[in-house]
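Shown next: target_13.cif, containing mmCIF, N, CA and C atoms.
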```cif
data_coords
#
loop_
_atom_site.label_atom_id
_atom_site.label_comp_id
_atom_site.auth_asym_id
_atom_site.auth_seq_id
_atom_site.Cartn_x
_atom_site.Cartn_y
_atom_site.Cartn_z
N PRO K 1 0.42 45.42 -52.16
CA PRO K 1 0.62 44.86 -53.47
C PRO K 1 2.08 44.46 -53.71
N GLN K 2 3.00 45.31 -53.29
CA GLN K 2 4.41 44.99 -53.50
C GLN K 2 4.85 43.83 -52.61
N ALA K 3 4.36 43.74 -51.41
CA ALA K 3 4.70 42.65 -50.49
C ALA K 3 4.20 41.32 -51.03
N ALA K 4 3.04 41.30 -51.63
CA ALA K 4 2.49 40.08 -52.22
C ALA K 4 3.35 39.63 -53.39
N MET K 5 3.84 40.61 -54.17
CA MET K 5 4.69 40.28 -55.31
C MET K 5 6.02 39.67 -54.83
N PHE K 6 6.62 40.25 -53.79
CA PHE K 6 7.87 39.72 -53.24
C PHE K 6 7.66 38.35 -52.62
N ALA K 7 6.54 38.15 -51.97
CA ALA K 7 6.23 36.85 -51.37
C ALA K 7 6.08 35.78 -52.46
N ALA K 8 5.46 36.13 -53.57
CA ALA K 8 5.31 35.19 -54.68
C ALA K 8 6.66 34.85 -55.29
N LYS K 9 7.51 35.88 -55.43
CA LYS K 9 8.86 35.65 -55.98
C LYS K 9 9.67 34.76 -55.04
N MET K 10 9.55 35.00 -53.74
CA MET K 10 10.27 34.18 -52.75
C MET K 10 9.78 32.73 -52.79
N ALA K 11 8.48 32.55 -52.89
CA ALA K 11 7.92 31.20 -52.94
C ALA K 11 8.39 30.48 -54.20
N ALA K 12 8.44 31.18 -55.32
CA ALA K 12 8.92 30.57 -56.57
C ALA K 12 10.39 30.22 -56.46
N ALA K 13 11.18 31.11 -55.86
CA ALA K 13 12.61 30.84 -55.69
C ALA K 13 12.84 29.64 -54.77
N GLU K 14 12.07 29.58 -53.70
CA GLU K 14 12.19 28.44 -52.78
C GLU K 14 11.79 27.14 -53.47
N SER K 15 10.77 27.20 -54.28
CA SER K 15 10.31 26.02 -55.02
C SER K 15 11.40 25.55 -56.00
N ARG K 16 12.01 26.51 -56.72
CA ARG K 16 13.10 26.15 -57.64
C ARG K 16 14.29 25.58 -56.88
N ALA K 17 14.60 26.15 -55.73
CA ALA K 17 15.71 25.65 -54.92
C ALA K 17 15.43 24.23 -54.43
N ALA K 18 14.19 23.97 -54.02
CA ALA K 18 13.84 22.62 -53.56
C ALA K 18 13.91 21.62 -54.71
N GLU K 19 13.44 22.03 -55.90
CA GLU K 19 13.54 21.15 -57.07
C GLU K 19 14.99 20.88 -57.43
N ARG K 20 15.82 21.91 -57.37
CA ARG K 20 17.24 21.76 -57.68
C ARG K 20 17.91 20.84 -56.66
N ALA K 21 17.57 20.97 -55.39
CA ALA K 21 18.15 20.11 -54.35
C ALA K 21 17.72 18.66 -54.55
N ALA K 22 16.45 18.46 -54.90
CA ALA K 22 15.96 17.09 -55.13
C ALA K 22 16.65 16.49 -56.35
N ARG K 23 16.79 17.28 -57.41
CA ARG K 23 17.46 16.79 -58.62
C ARG K 23 18.93 16.47 -58.34
N LEU K 24 19.58 17.33 -57.55
CA LEU K 24 20.98 17.10 -57.20
C LEU K 24 21.12 15.82 -56.37
N ALA K 25 20.23 15.61 -55.42
CA ALA K 25 20.28 14.39 -54.60
C ALA K 25 20.06 13.15 -55.47
N ASP K 26 19.13 13.23 -56.42
CA ASP K 26 18.89 12.11 -57.32
C ASP K 26 20.10 11.84 -58.20
N GLU K 27 20.74 12.91 -58.67
CA GLU K 27 21.95 12.75 -59.49
C GLU K 27 23.08 12.14 -58.67
N ARG K 28 23.20 12.52 -57.41
CA ARG K 28 24.22 11.93 -56.54
C ARG K 28 23.97 10.44 -56.34
N ARG K 29 22.71 10.08 -56.10
CA ARG K 29 22.37 8.67 -55.93
C ARG K 29 22.64 7.89 -57.22
N ASP K 30 22.33 8.51 -58.37
CA ASP K 30 22.60 7.86 -59.65
C ASP K 30 24.11 7.67 -59.84
N ALA K 31 24.90 8.66 -59.45
CA ALA K 31 26.36 8.54 -59.54
C ALA K 31 26.85 7.41 -58.63
N LEU K 32 26.23 7.27 -57.46
CA LEU K 32 26.61 6.18 -56.56
C LEU K 32 26.28 4.82 -57.16
N VAL K 33 25.13 4.73 -57.83
CA VAL K 33 24.76 3.47 -58.48
C VAL K 33 25.75 3.15 -59.60
N CYS K 34 26.14 4.17 -60.37
CA CYS K 34 27.15 3.97 -61.42
C CYS K 34 28.47 3.51 -60.82
N CYS K 35 28.82 4.08 -59.67
CA CYS K 35 30.05 3.68 -58.96
C CYS K 35 29.98 2.21 -58.55
N VAL K 36 28.84 1.80 -58.02
CA VAL K 36 28.66 0.40 -57.60
C VAL K 36 28.77 -0.52 -58.81
N GLU K 37 28.13 -0.14 -59.92
CA GLU K 37 28.20 -0.97 -61.12
C GLU K 37 29.62 -1.07 -61.65
N GLU K 38 30.34 0.04 -61.64
CA GLU K 38 31.72 0.02 -62.11
C GLU K 38 32.61 -0.80 -61.18
N ALA K 39 32.40 -0.67 -59.89
CA ALA K 39 33.18 -1.47 -58.94
C ALA K 39 32.91 -2.95 -59.15
N PHE K 40 31.66 -3.30 -59.43
CA PHE K 40 31.32 -4.70 -59.65
C PHE K 40 32.00 -5.25 -60.91
N ARG K 41 32.26 -4.40 -61.89
CA ARG K 41 32.97 -4.85 -63.09
C ARG K 41 34.39 -5.31 -62.75
N GLN K 42 34.92 -4.82 -61.65
CA GLN K 42 36.27 -5.20 -61.22
C GLN K 42 36.25 -6.39 -60.27
N TYR K 43 35.09 -6.98 -60.05
CA TYR K 43 34.90 -8.02 -59.04
C TYR K 43 35.71 -9.28 -59.32
N ARG K 44 36.09 -9.51 -60.55
CA ARG K 44 36.82 -10.73 -60.87
C ARG K 44 38.24 -10.74 -60.29
N LYS K 45 38.73 -9.57 -59.93
CA LYS K 45 40.06 -9.48 -59.31
C LYS K 45 39.92 -9.81 -57.83
N PRO K 46 40.64 -10.81 -57.35
CA PRO K 46 40.45 -11.24 -55.95
C PRO K 46 40.66 -10.13 -54.91
N TRP K 47 41.59 -9.22 -55.16
CA TRP K 47 41.87 -8.19 -54.16
C TRP K 47 40.77 -7.14 -54.06
N THR K 48 39.83 -7.11 -55.02
CA THR K 48 38.75 -6.14 -54.97
C THR K 48 37.48 -6.69 -54.33
N GLN K 49 37.39 -7.99 -54.20
CA GLN K 49 36.12 -8.62 -53.84
C GLN K 49 35.58 -8.20 -52.49
N THR K 50 36.41 -8.12 -51.49
CA THR K 50 35.93 -7.75 -50.15
C THR K 50 35.39 -6.32 -50.12
N ALA K 51 36.16 -5.41 -50.71
CA ALA K 51 35.73 -4.01 -50.71
C ALA K 51 34.44 -3.83 -51.52
N VAL K 52 34.35 -4.52 -52.65
CA VAL K 52 33.14 -4.41 -53.48
C VAL K 52 31.95 -5.03 -52.75
N ASP K 53 32.16 -6.15 -52.06
CA ASP K 53 31.08 -6.76 -51.28
C ASP K 53 30.55 -5.79 -50.23
N ILE K 54 31.45 -5.13 -49.53
CA ILE K 54 31.06 -4.17 -48.49
C ILE K 54 30.28 -3.01 -49.12
N LEU K 55 30.78 -2.49 -50.24
CA LEU K 55 30.10 -1.38 -50.92
C LEU K 55 28.70 -1.78 -51.36
N ILE K 56 28.58 -2.92 -51.99
CA ILE K 56 27.28 -3.37 -52.49
C ILE K 56 26.31 -3.59 -51.33
N ASN K 57 26.77 -4.23 -50.27
CA ASN K 57 25.90 -4.48 -49.11
C ASN K 57 25.45 -3.17 -48.45
N LYS K 58 26.35 -2.22 -48.35
CA LYS K 58 26.02 -0.93 -47.73
C LYS K 58 24.96 -0.20 -48.55
N VAL K 59 25.13 -0.17 -49.87
CA VAL K 59 24.16 0.50 -50.73
C VAL K 59 22.84 -0.26 -50.70
N HIS K 60 22.90 -1.58 -50.69
CA HIS K 60 21.68 -2.40 -50.67
C HIS K 60 20.92 -2.20 -49.36
N ASP K 61 21.61 -1.96 -48.26
CA ASP K 61 20.95 -1.72 -46.98
C ASP K 61 20.08 -0.46 -47.01
N HIS K 62 20.42 0.50 -47.86
CA HIS K 62 19.69 1.77 -47.95
C HIS K 62 18.91 1.85 -49.27
N LEU K 63 18.40 0.74 -49.70
CA LEU K 63 17.70 0.64 -50.98
C LEU K 63 16.47 1.55 -51.05
N ASP K 64 15.85 1.78 -49.90
CA ASP K 64 14.62 2.59 -49.88
C ASP K 64 14.86 4.06 -50.25
N LYS K 65 16.09 4.51 -50.24
CA LYS K 65 16.39 5.91 -50.55
C LYS K 65 16.54 6.15 -52.06
N PHE K 66 16.51 5.09 -52.85
CA PHE K 66 16.76 5.22 -54.28
C PHE K 66 15.45 5.16 -55.06
N SER K 67 15.51 5.67 -56.29
CA SER K 67 14.33 5.64 -57.17
C SER K 67 14.11 4.19 -57.63
N PRO K 68 12.93 3.88 -58.14
CA PRO K 68 12.65 2.50 -58.58
C PRO K 68 13.63 1.98 -59.63
N SER K 69 14.01 2.82 -60.58
CA SER K 69 14.97 2.35 -61.60
C SER K 69 16.35 2.09 -60.98
N GLN K 70 16.73 2.94 -60.04
CA GLN K 70 18.01 2.75 -59.35
C GLN K 70 17.97 1.49 -58.48
N ARG K 71 16.84 1.24 -57.85
CA ARG K 71 16.68 0.04 -57.03
C ARG K 71 16.88 -1.22 -57.86
N GLY K 72 16.30 -1.22 -59.06
CA GLY K 72 16.45 -2.37 -59.94
C GLY K 72 17.89 -2.62 -60.31
N ARG K 73 18.63 -1.56 -60.60
CA ARG K 73 20.05 -1.70 -60.94
C ARG K 73 20.86 -2.20 -59.75
N ILE K 74 20.56 -1.67 -58.57
CA ILE K 74 21.27 -2.10 -57.36
C ILE K 74 20.95 -3.56 -57.06
N GLN K 75 19.68 -3.93 -57.16
CA GLN K 75 19.27 -5.30 -56.87
C GLN K 75 19.93 -6.28 -57.83
N LYS K 76 20.07 -5.90 -59.09
CA LYS K 76 20.72 -6.76 -60.09
C LYS K 76 22.18 -7.01 -59.70
N VAL K 77 22.90 -5.94 -59.37
CA VAL K 77 24.30 -6.08 -58.96
C VAL K 77 24.41 -6.89 -57.68
N PHE K 78 23.51 -6.64 -56.73
CA PHE K 78 23.53 -7.37 -55.45
C PHE K 78 23.34 -8.87 -55.69
N ASN K 79 22.36 -9.23 -56.52
CA ASN K 79 22.11 -10.65 -56.79
C ASN K 79 23.29 -11.31 -57.50
N GLU K 80 23.88 -10.63 -58.47
CA GLU K 80 25.04 -11.19 -59.18
C GLU K 80 26.22 -11.37 -58.23
N ALA K 81 26.45 -10.40 -57.36
CA ALA K 81 27.55 -10.51 -56.41
C ALA K 81 27.31 -11.67 -55.44
N ARG K 82 26.06 -11.84 -54.99
CA ARG K 82 25.72 -12.93 -54.07
C ARG K 82 25.96 -14.29 -54.74
N GLU K 83 25.57 -14.41 -56.01
CA GLU K 83 25.81 -15.67 -56.74
C GLU K 83 27.30 -15.96 -56.86
N MET K 84 28.08 -14.93 -57.16
CA MET K 84 29.53 -15.13 -57.29
C MET K 84 30.16 -15.49 -55.95
N GLN K 85 29.66 -14.91 -54.86
CA GLN K 85 30.17 -15.27 -53.53
C GLN K 85 29.91 -16.74 -53.24
N ILE K 86 28.69 -17.18 -53.50
CA ILE K 86 28.33 -18.58 -53.24
C ILE K 86 29.19 -19.50 -54.08
N ARG K 87 29.33 -19.18 -55.36
CA ARG K 87 30.16 -20.01 -56.24
C ARG K 87 31.61 -20.04 -55.77
N ARG K 88 32.12 -18.88 -55.33
CA ARG K 88 33.51 -18.80 -54.86
C ARG K 88 33.71 -19.64 -53.60
N ARG K 89 32.74 -19.61 -52.68
CA ARG K 89 32.85 -20.39 -51.45
C ARG K 89 32.79 -21.88 -51.75
N GLN K 90 31.91 -22.29 -52.66
CA GLN K 90 31.80 -23.70 -53.01
C GLN K 90 33.08 -24.19 -53.68
N THR K 91 33.63 -23.38 -54.56
CA THR K 91 34.88 -23.74 -55.23
C THR K 91 36.01 -23.85 -54.22
N ALA K 92 36.06 -22.93 -53.28
CA ALA K 92 37.12 -22.96 -52.26
C ALA K 92 37.03 -24.23 -51.42
N LYS K 93 35.81 -24.62 -51.04
CA LYS K 93 35.65 -25.84 -50.25
C LYS K 93 36.09 -27.07 -51.03
N ARG K 94 35.73 -27.12 -52.33
CA ARG K 94 36.13 -28.26 -53.14
C ARG K 94 37.65 -28.32 -53.29
N GLU K 95 38.27 -27.15 -53.49
CA GLU K 95 39.72 -27.13 -53.66
C GLU K 95 40.43 -27.54 -52.38
N ILE K 96 39.90 -27.12 -51.25
CA ILE K 96 40.52 -27.50 -49.97
C ILE K 96 40.45 -29.01 -49.80
N ASN K 97 39.29 -29.60 -50.04
CA ASN K 97 39.14 -31.04 -49.89
C ASN K 97 39.93 -31.81 -50.95
N ARG K 98 40.03 -31.25 -52.14
CA ARG K 98 40.76 -31.93 -53.21
C ARG K 98 42.25 -31.99 -52.90
N ASP K 99 42.79 -30.96 -52.31
CA ASP K 99 44.22 -30.88 -52.06
C ASP K 99 44.65 -31.62 -50.79
N ARG K 100 43.71 -32.12 -50.02
CA ARG K 100 44.06 -32.81 -48.78
C ARG K 100 44.26 -34.29 -49.02
N SER K 101 45.24 -34.85 -48.34
CA SER K 101 45.49 -36.28 -48.47
C SER K 101 44.48 -37.06 -47.62
N SER K 102 44.41 -38.35 -47.85
CA SER K 102 43.50 -39.18 -47.06
C SER K 102 43.92 -39.19 -45.59
N PHE K 103 45.23 -39.06 -45.34
CA PHE K 103 45.71 -38.99 -43.96
C PHE K 103 45.13 -37.76 -43.27
N ASP K 104 45.20 -36.60 -43.93
CA ASP K 104 44.67 -35.37 -43.35
C ASP K 104 43.17 -35.47 -43.10
N GLN K 105 42.45 -36.04 -44.05
CA GLN K 105 41.01 -36.18 -43.89
C GLN K 105 40.67 -37.10 -42.72
N THR K 106 41.38 -38.23 -42.59
CA THR K 106 41.13 -39.17 -41.51
C THR K 106 41.54 -38.58 -40.16
N ARG K 107 42.65 -37.88 -40.13
CA ARG K 107 43.10 -37.23 -38.90
C ARG K 107 42.04 -36.25 -38.40
N ASP K 108 41.49 -35.44 -39.30
CA ASP K 108 40.45 -34.50 -38.91
C ASP K 108 39.18 -35.21 -38.44
N LYS K 109 38.88 -36.34 -39.06
CA LYS K 109 37.69 -37.10 -38.69
C LYS K 109 37.79 -37.63 -37.26
N TYR K 110 38.95 -38.15 -36.90
CA TYR K 110 39.12 -38.76 -35.58
C TYR K 110 39.69 -37.82 -34.53
N ALA K 111 39.92 -36.55 -34.86
CA ALA K 111 40.55 -35.62 -33.93
C ALA K 111 39.73 -35.43 -32.65
N GLY K 112 38.42 -35.42 -32.74
CA GLY K 112 37.61 -35.16 -31.57
C GLY K 112 37.09 -36.41 -30.87
N MET K 113 37.46 -37.59 -31.36
CA MET K 113 36.93 -38.83 -30.79
C MET K 113 37.83 -39.35 -29.67
N ASP K 114 37.20 -40.07 -28.74
CA ASP K 114 37.96 -40.74 -27.68
C ASP K 114 38.27 -42.14 -28.16
N ILE K 115 39.55 -42.47 -28.25
CA ILE K 115 39.95 -43.80 -28.71
C ILE K 115 40.80 -44.43 -27.61
N SER K 116 40.45 -45.67 -27.26
CA SER K 116 41.18 -46.36 -26.19
C SER K 116 42.46 -46.96 -26.74
N ILE K 117 43.26 -47.54 -25.86
CA ILE K 117 44.49 -48.21 -26.23
C ILE K 117 44.20 -49.40 -27.13
N ARG K 118 43.04 -50.01 -26.93
CA ARG K 118 42.66 -51.20 -27.69
C ARG K 118 42.04 -50.85 -29.04
N LYS K 119 42.17 -49.59 -29.47
CA LYS K 119 41.70 -49.10 -30.76
C LYS K 119 40.19 -49.18 -30.93
N ALA K 120 39.48 -49.04 -29.84
CA ALA K 120 38.02 -49.00 -29.91
C ALA K 120 37.56 -47.61 -29.51
N VAL K 121 36.55 -47.15 -30.13
CA VAL K 121 36.01 -45.84 -29.79
C VAL K 121 35.22 -45.98 -28.52
N GLY K 122 35.60 -45.23 -27.51
CA GLY K 122 34.96 -45.34 -26.20
C GLY K 122 33.74 -44.45 -26.09
N GLY K 123 32.85 -44.80 -25.19
CA GLY K 123 31.66 -44.00 -24.94
C GLY K 123 31.98 -42.86 -24.00
N ALA K 124 31.05 -41.98 -23.86
CA ALA K 124 31.27 -40.80 -23.01
C ALA K 124 31.29 -41.17 -21.54
N SER K 125 30.60 -42.27 -21.16
CA SER K 125 30.52 -42.62 -19.75
C SER K 125 31.60 -43.60 -19.32
N THR K 126 32.45 -44.06 -20.19
CA THR K 126 33.47 -45.03 -19.82
C THR K 126 34.74 -44.32 -19.39
N VAL K 127 35.42 -44.92 -18.46
CA VAL K 127 36.63 -44.31 -17.92
C VAL K 127 37.85 -44.78 -18.70
N ASP K 128 37.93 -46.07 -18.96
CA ASP K 128 39.13 -46.60 -19.61
C ASP K 128 38.92 -46.94 -21.08
N GLY K 129 37.76 -46.69 -21.62
CA GLY K 129 37.51 -46.92 -23.02
C GLY K 129 37.21 -48.36 -23.38
N ARG K 130 37.04 -49.26 -22.38
CA ARG K 130 36.78 -50.67 -22.68
C ARG K 130 35.32 -50.93 -22.98
N GLY K 131 34.48 -49.99 -22.72
CA GLY K 131 33.07 -50.16 -23.02
C GLY K 131 32.27 -50.33 -21.76
N GLU K 132 30.99 -50.17 -21.90
CA GLU K 132 30.10 -50.23 -20.75
C GLU K 132 29.96 -51.64 -20.18
N SER K 133 30.22 -52.66 -21.00
CA SER K 133 30.08 -54.04 -20.52
C SER K 133 31.12 -54.37 -19.45
N CYS K 134 32.24 -53.68 -19.44
CA CYS K 134 33.28 -53.94 -18.45
C CYS K 134 33.16 -53.01 -17.25
N ALA K 135 32.27 -52.03 -17.31
CA ALA K 135 32.16 -51.07 -16.22
C ALA K 135 31.74 -51.75 -14.92
N HIS K 136 30.87 -52.74 -15.00
CA HIS K 136 30.42 -53.40 -13.77
C HIS K 136 31.57 -54.21 -13.15
N ASP K 137 32.51 -54.73 -13.96
CA ASP K 137 33.68 -55.46 -13.42
C ASP K 137 34.56 -54.55 -12.61
N LEU K 138 34.70 -53.31 -13.04
CA LEU K 138 35.55 -52.36 -12.32
C LEU K 138 34.92 -51.99 -10.98
N ASN K 139 33.61 -51.87 -10.96
CA ASN K 139 32.93 -51.46 -9.73
C ASN K 139 32.86 -52.59 -8.71
N SER K 140 32.82 -53.86 -9.16
CA SER K 140 32.69 -54.98 -8.23
C SER K 140 34.02 -55.36 -7.61
N SER K 141 35.15 -54.95 -8.16
CA SER K 141 36.44 -55.36 -7.60
C SER K 141 36.81 -54.58 -6.39
#
```
For this file, produce the structure as structure tokens.
Amino acid sequence: PQAAMFAAKMAAAESRAAERAARLADERRDALVCCVEEAFRQYRKPWTQTAVDILINKVHDHLDKFSPSQRGRIQKVFNEAREMQIRRRQTAKREINRDRSSFDQTRDKYAGMDISIRKAVGGASTVDGRGESCAHDLNSS
């Protein structure tokens, strides 16, 4: 009789300990979600963006470990951060192109092309850039 009573007390204590551990883990995850949300509030500062992106992506990678309400909060922050990244990249590309002169743009356009002395764009199979129509003249001489 006494052994059964101690076994019941032990089982109840273990059950309370398991509930406490689960509640503590959930509270830790909730604190992490609050941390992510607070970090995202600082996202407008350029020096924080990389670290916040890494934090959000890392938490989003482990989304399955969070409760449904926490998942929704994480997903919301993840989507907003993704939109801001896309907008930031598009703005950066426009600013780069806007600040470049026509000389820079043309130089970049023709940087990889083969141009002959006669200012004609040569084909890949031509040796001197005069074009394929003159290739037979070179071979017959």
Using only C-alpha atoms, which residues sit within 9 Å of K:Arg29 once same-chain residues fewer than 6 positions away are excluded, as a PDB file with N, CA and C atoms, keeping the file's coordinate frame?
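Okay, this is what ended up in result24.pdb:
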```pdb
ATOM      1  N   LYS K  65      16.090   4.510 -50.240  1.00  0.00           N
ATOM      2  CA  LYS K  65      16.390   5.910 -50.550  1.00  0.00           C
ATOM      3  C   LYS K  65      16.540   6.150 -52.060  1.00  0.00           C
ATOM      4  N   PHE K  66      16.510   5.090 -52.850  1.00  0.00           N
ATOM      5  CA  PHE K  66      16.760   5.220 -54.280  1.00  0.00           C
ATOM      6  C   PHE K  66      15.450   5.160 -55.060  1.00  0.00           C
ATOM      7  N   SER K  67      15.510   5.670 -56.290  1.00  0.00           N
ATOM      8  CA  SER K  67      14.330   5.640 -57.170  1.00  0.00           C
ATOM      9  C   SER K  67      14.110   4.190 -57.630  1.00  0.00           C
ATOM     10  N   GLN K  70      16.730   2.940 -60.040  1.00  0.00           N
ATOM     11  CA  GLN K  70      18.010   2.750 -59.350  1.00  0.00           C
ATOM     12  C   GLN K  70      17.970   1.490 -58.480  1.00  0.00           C
TER      13      GLN K  70
END
```
Atomic distance atom C of K:Ile74 - atom CA of K:His60, expressed in Å with one decimal: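 Interatomic distance, atom C of K:Ile74 to atom CA of K:His60: 6.5 Å.
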Measuring between all atoms listed in the file, which one of K:Ile56, K:Ala25, K:Ala17, K:Asp64 shows the shortest distance to K:Phe78?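 Using all atoms listed in the file, K:Phe78 sits closest to K:Ile56.
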Please return, as an NGL selection string, all polymer residues that have at least one atom within 12 Å of the point (20.6, 1.1, -53.1); use only C-alpha atoms and the file's own coordinate frame. :K and (26 or 28-37 or 55-78)
Given the PyMOL selection byres (((chain K and resi 43 and name CA) around 12) and name CA), the residues it picks as a list of chain:residue names: K:Val36, K:Glu37, K:Glu38, K:Ala39, K:Phe40, K:Arg41, K:Gln42, K:Arg44, K:Lys45, K:Pro46, K:Trp47, K:Thr48, K:Gln49, K:Thr50, K:Ala51, K:Val52, K:Asp53, K:Ile54, K:Leu55, K:Ile56, K:Val77, K:Phe78, K:Glu80, K:Ala81, K:Arg82, K:Met84, K:Gln85, K:Arg88
Do you have the atom C of K:Gln105-atom CA of K:Lys93 distance handy?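 Here the two named atoms are 14.4 Å from each other.
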Between atom CA of K:Met5 and atom N of K:Arg23, what is the spacing in Å?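 Straight-line distance from atom N of K:Arg23 to atom CA of K:Met5 works out to 26.1 Å.
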Would you compute the box with edges along x, y and z of the file around stretch 20-38 of chain K, including every atom the file lists for it and 4 Å extra on each side, and give its centre and edge lengths in Å to one decimal, as JSON?
```
{"center_x": 24.2, "center_y": 10.4, "center_z": -58.2, "size_x": 24.8, "size_y": 31.0, "size_z": 15.8}
```
DSSP-assigned alpha helix (DSSP H) members of stretch 35-108 of chain K, reported as an MDAnalysis selection string: chainID K and resid 35:41 49:61 68:99 102:108
